[in-house]
Each structure stands twice: as structure tokens, then as C-alpha cells.
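Contents: one structure, followed by commentary.
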Amino acid sequence: MEMKVQSAKEIAGTVKAPPSKSYTHRAFLMAFLADGVSNIRDPLYSEDTLASLNSGIEMGSTVKRTESFCSIQGVGGKPKTPYDVLDLKNSGTTMRIMTSLAALTNGYTVLTGDNSLKTRPMQDLLDALKALGVTACSTRKDGKPPIIIKGGFKGGETSIKGNVSSQFISSIIMAAPLAEQPVDLHVEGEFISRPYVMMTLELMNKFGVKVDYDKTNNSFHIEPQSYRSADYTVEGDYSSASYIIAAAAALRSDVTIKNLMKDSKQGDKIILDIVRDMGCEVKVKNNEVKIKGQGMLNGVDVNLQNAPDLLPTVAALGAMADGTTHIHGVEHARFKETDRIHTCSIELAKLGVSLIEKKDGIQINGGVHGGVVKSHMDHRLAMAFYTIGLKVGGICIQDVSVYKVSFPDFPDIMKKLTAG
């Protein structure tokens, strides 16, 4: 499916940010592990999060869902071996976290997904789990999915490199309370995307699990314990809201986004500082963000080490700004749904953007026109290019429907704002 984006002179109105994808994944999976029934309010039902919810169902939890509410009967720390291979579609988060959780069964679990998911690196996680008595391997012995996990999670000590994926760390610490023995995990070297691990700890605490985190040594200690059921309301998603924020910053606008928490642990909250630095007016209240755009932005220098998912958004902003934007510190964005540094670079070049692709980012000289671009089946690219289309018009995005991975209401919300 392709979509032609109509340019808009201005956008205005009040919208609610979609629920956080990261928190929804974690809430669904912790509720699945817990004793008793958990109530998750305002969850995100998207292709990615449904991969997590359905994994829990396949492994023994029962779920009752309405549009704004999800009630989950947990398995009390004893997941069942799935009846069949689990197809996790495009969800890297589910693949990483379920690899450790599947070791809590007493059989063999096979995890697979779409072609993009089969390119995601997993070997560092498999190696770290081995030291904890977990037998897991890549079917093709290339360190990538499909992954086979044998039930059995002993515990003990292990370490993992911190510069590949924070999801590996979240995966181990989420399964660790249900291991036979205490677990000590040491993060070696640079600890990228740390805010995502802090989100995991915050939610584990809500589900009654205590983790000792030594900030100085970047190490975690987890004693055997149980997840307790919880009532939890999912906050809005700064990653998904970044496309609304970018559009509001690039155009003449008066936009209010509700359900974005001021004291959120989400690393992508930095998008507010970025558009402010680019010359946009941003006001933050307790749980809403107001943006007034003048349709003029200037280039910035930004390190996205802790917010790699913002790369496509900031690249789009840089293309629409005056002057040069330097994005750096984000080499790990090469291991997402696509190599985002490369795919953003080649597609922006099709729109006349002058840029230099660097090892850990992109240098972009502002100036962009219409054209035909591919999403590369990457939801974040599809939505980032849409914001450019609103600014310059004449942009046609191929394979645009992939936005459903994280933000199913995206076109509706954008239409509402352009009509406003």
C-alpha cells in the first residue's frame, strides 16, 4: 500500500498521545508471569504489543480485553510450553524478552518472526543466558532468529555488553526473579538506551519485584521472588508522539498532546528539548505538552545514544530545518527493524536532501522536496516521512501501512490535526 501525503499550511487541535509501546509490552508480559489477575488500563493494541499479549496466551495466561482495558490471569511464574512455534511478526522487543521467559517452561520453545525480525542480533543474549544455565540457540547458528529455548533457568552470575541492545538486559532481569537461584548481571562497557532498562525496573517494582541496581558498577542483583498482580495504567508514548511533535514544530501550529507525563522515564522525552533547540515553542504541564510552531526551524547537534528510536524523526526535522543538523551517538540504530542510519540516508537523498552518512549517525543539510520513498517495512521511517509530506507535499510513501506496528491511529490523528 502506498500513500500520497497532502501538504498542510498549518495544523491545530488537541489529541491524546497513543499509549506507550514499551510500557505495554512490559505490562502484558509481567501480568502474564504474575500470581492472580492484573488489570492493564489504556494499553496499546498494535501489531508489536499483540505479539507479546498472544505469547502470554499461548503460554497459559487467559485474557479479557476491551478497547481501553485488558484483564490478564497470570501463570504464577510457571509458563506452559507453547503448543506450536510462536510467530512474533516484527516485534524485536517480544523476541528478546520471550527468549529469557521461555526458559521458565519445562519444554522446548521456538520463536520466529518476519524477514526483518530474522535479521536482528541475538547472540550476546544467548551467550549471557548460557552462564545462567539456560540452553538456547539460533536454528541457523548465525546468532539470529529463529531461536530455540530449552526449559530450565538455574541462575548465577553473568555479564553482557551494554552497547548492543538494552532489550537484552531487560530480558534477563525480567526472567531472573523466577530463576532457581539469585541472578547477578553485570553490564560491560557503554550502557546505551539505559532509560528503557529503568522503565523495566519501574514496572517490575509495580508488579511487586525488587531489583538491586548498582549504578556505579552497572550491575543488577535479583533474588528469587514472585510477580504479584497489579492494576496499571499505561502512560502516553513519546516515541510515537514524536511524529506529531515534529509536524507541529515544522509547520505553523497550535497543538496540545495529552497523556505525555512530565516526569516520564522514557528516553524519547528528549524530543521536546530537540524541537525547542530548533526554535519551536514548547510548554509542558504535568501530563500534557503544548506546541506552537512558526514553520521555521534551525539545525541542531544532537546525541541520540539514549533515544535511538528518534533517529528517523530527528532526520526528518533536520531535512526540514535551515542549516546543518548533526545526529550522532546512535550506531545501535543500525540494528533496529532496518539499518536506520542507512535507510534514512538513502530515502532522504531521494527527496533532494544533502547529507553525509556517518558510522554513528547522519549529518544533514536542510532542504527537501517531494518524491517517492520506501518505508523499508519500518514503521518509524513511514511516519517520519509523513511529517515531511505535510511540510513540502508531493511525497508518496510505499509500504506505508507498517505504521500499524506501533501507532494504528496515526493517519486518523494526523487528519484530525490538519482539519483543525
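Following the order of the C-alpha cells, first chain is A, next is B, and so on, with residues numbered from 1 inside each chain and ligands from 1 in the order they appear.
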Which residues are close to segment 267-270 of chain A, i.e. within 6 Å by only C-alpha atoms, leaving aside same-chain residues fewer than 5 positions away? Reply as a CSV table (one decimal) with C-alpha atoms, in the first residue's frame.
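Listing of part.csv after writing:
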chain,number,residue,atom,x,y,z
A,195,PRO,CA,16.2,4.7,30.1
A,238,TYR,CA,6.9,9.9,23.5
A,239,SER,CA,8.4,7.8,20.6
A,306,ASN,CA,19.7,7.0,24.8
A,307,ALA,CA,16.9,7.6,22.3
Practice problem: Identify, on the basis of only C-alpha atoms, every residue whose closest approach to Ala249 of chain A does not exceed 9 Å; exclude the query and any residue fewer than 3 positions from it along the same chain; express the result as a list in words. | Solution: Ile244, Ile245, Ala246, Arg252, Ser253, Val275, Arg276, Met278, Gly279, Cys280, Glu281, Ile291, Lys292, Gly293, Gln294, Gly295, Met296, Leu297 and Leu317 of chain A
Exercise. Would you list, as number ranges by chain, the residues of segment 59-300 of chain A that end up in helix (DSSP H, G or I) under DSSP run on this structure's backbone?
Key: A: 92-104, 117-119, 123-130, 166-178, 194-206, 238-250, 267-277
Exercise. Select from segment 130-344 of chain A everything DSSP, run on the backbone, classes as strand (DSSP E or B), then give the selection as a ChimeraX atom specification.
Key: /A:135-138,147-150,156-161,183-188,212-214,219-222,228,231-233,236,252-258,281-284,288-294,298,301-303,322,324-328
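Note that atom CA of Met199 of chain A and atom CA of Val211 of chain A are 12.5 Å apart.
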With segment 397-412 of chain A as the partner and 12 Å as the cut-off, tabulate the residues of segment 317-357 of chain A that qualify, each row holding the nearest pair of atoms and their distance in Å to one decimal, using only C-alpha atoms, sorted by chain and rising number, as a tab-separated table.
residue	atom	partner	partner_atom	distance
A:Glu337	CA	A:Val405	CA	10.8
A:Glu347	CA	A:Ile397	CA	10.2
A:Leu348	CA	A:Ile397	CA	11.9
A:Lys350	CA	A:Ile397	CA	11.7
A:Leu351	CA	A:Ile397	CA	11.5
Segment 151-189 of chain A residues near segment 333-336 of chain A within 12 Å, closest pair each, using only C-alpha atoms, as CSV:
residue,atom,partner,partner_atom,distance
A:Asn163,CA,A:Ala333,CA,10.9
A:Val164,CA,A:Phe335,CA,8.1
A:Ser165,CA,A:Phe335,CA,8.6
A:Ser166,CA,A:Phe335,CA,11.9
A:Gln167,CA,A:Lys336,CA,11.4
Residues of segment 222-324 of chain A that have any atom at most 9 Å from an atom of segment 34-53 of chain A: could you tabulate them with the shortest-distance atom pair and the distance in Å to one decimal, using only C-alpha atoms, ordered by chain and increasing number, as a Markdown table?
| residue | atom | partner | partner_atom | distance |
| --- | --- | --- | --- | --- |
| A:Ser226 | CA | A:Ala34 | CA | 6.9 |
| A:Tyr227 | CA | A:Ala34 | CA | 4.4 |
| A:Arg228 | CA | A:Ala34 | CA | 5.0 |
| A:Ser229 | CA | A:Ser38 | CA | 4.7 |
| A:Ala230 | CA | A:Ser38 | CA | 4.8 |
| A:Asp231 | CA | A:Asn39 | CA | 4.7 |
| A:Tyr232 | CA | A:Ile40 | CA | 5.0 |
| A:Thr233 | CA | A:Arg41 | CA | 4.5 |
| A:Val234 | CA | A:Asp42 | CA | 5.6 |
| A:Glu235 | CA | A:Asp42 | CA | 7.8 |
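In this model, the gap between atom CA of Gly329 of chain A and atom CA of Met204 of chain A comes to 28.6 Å.
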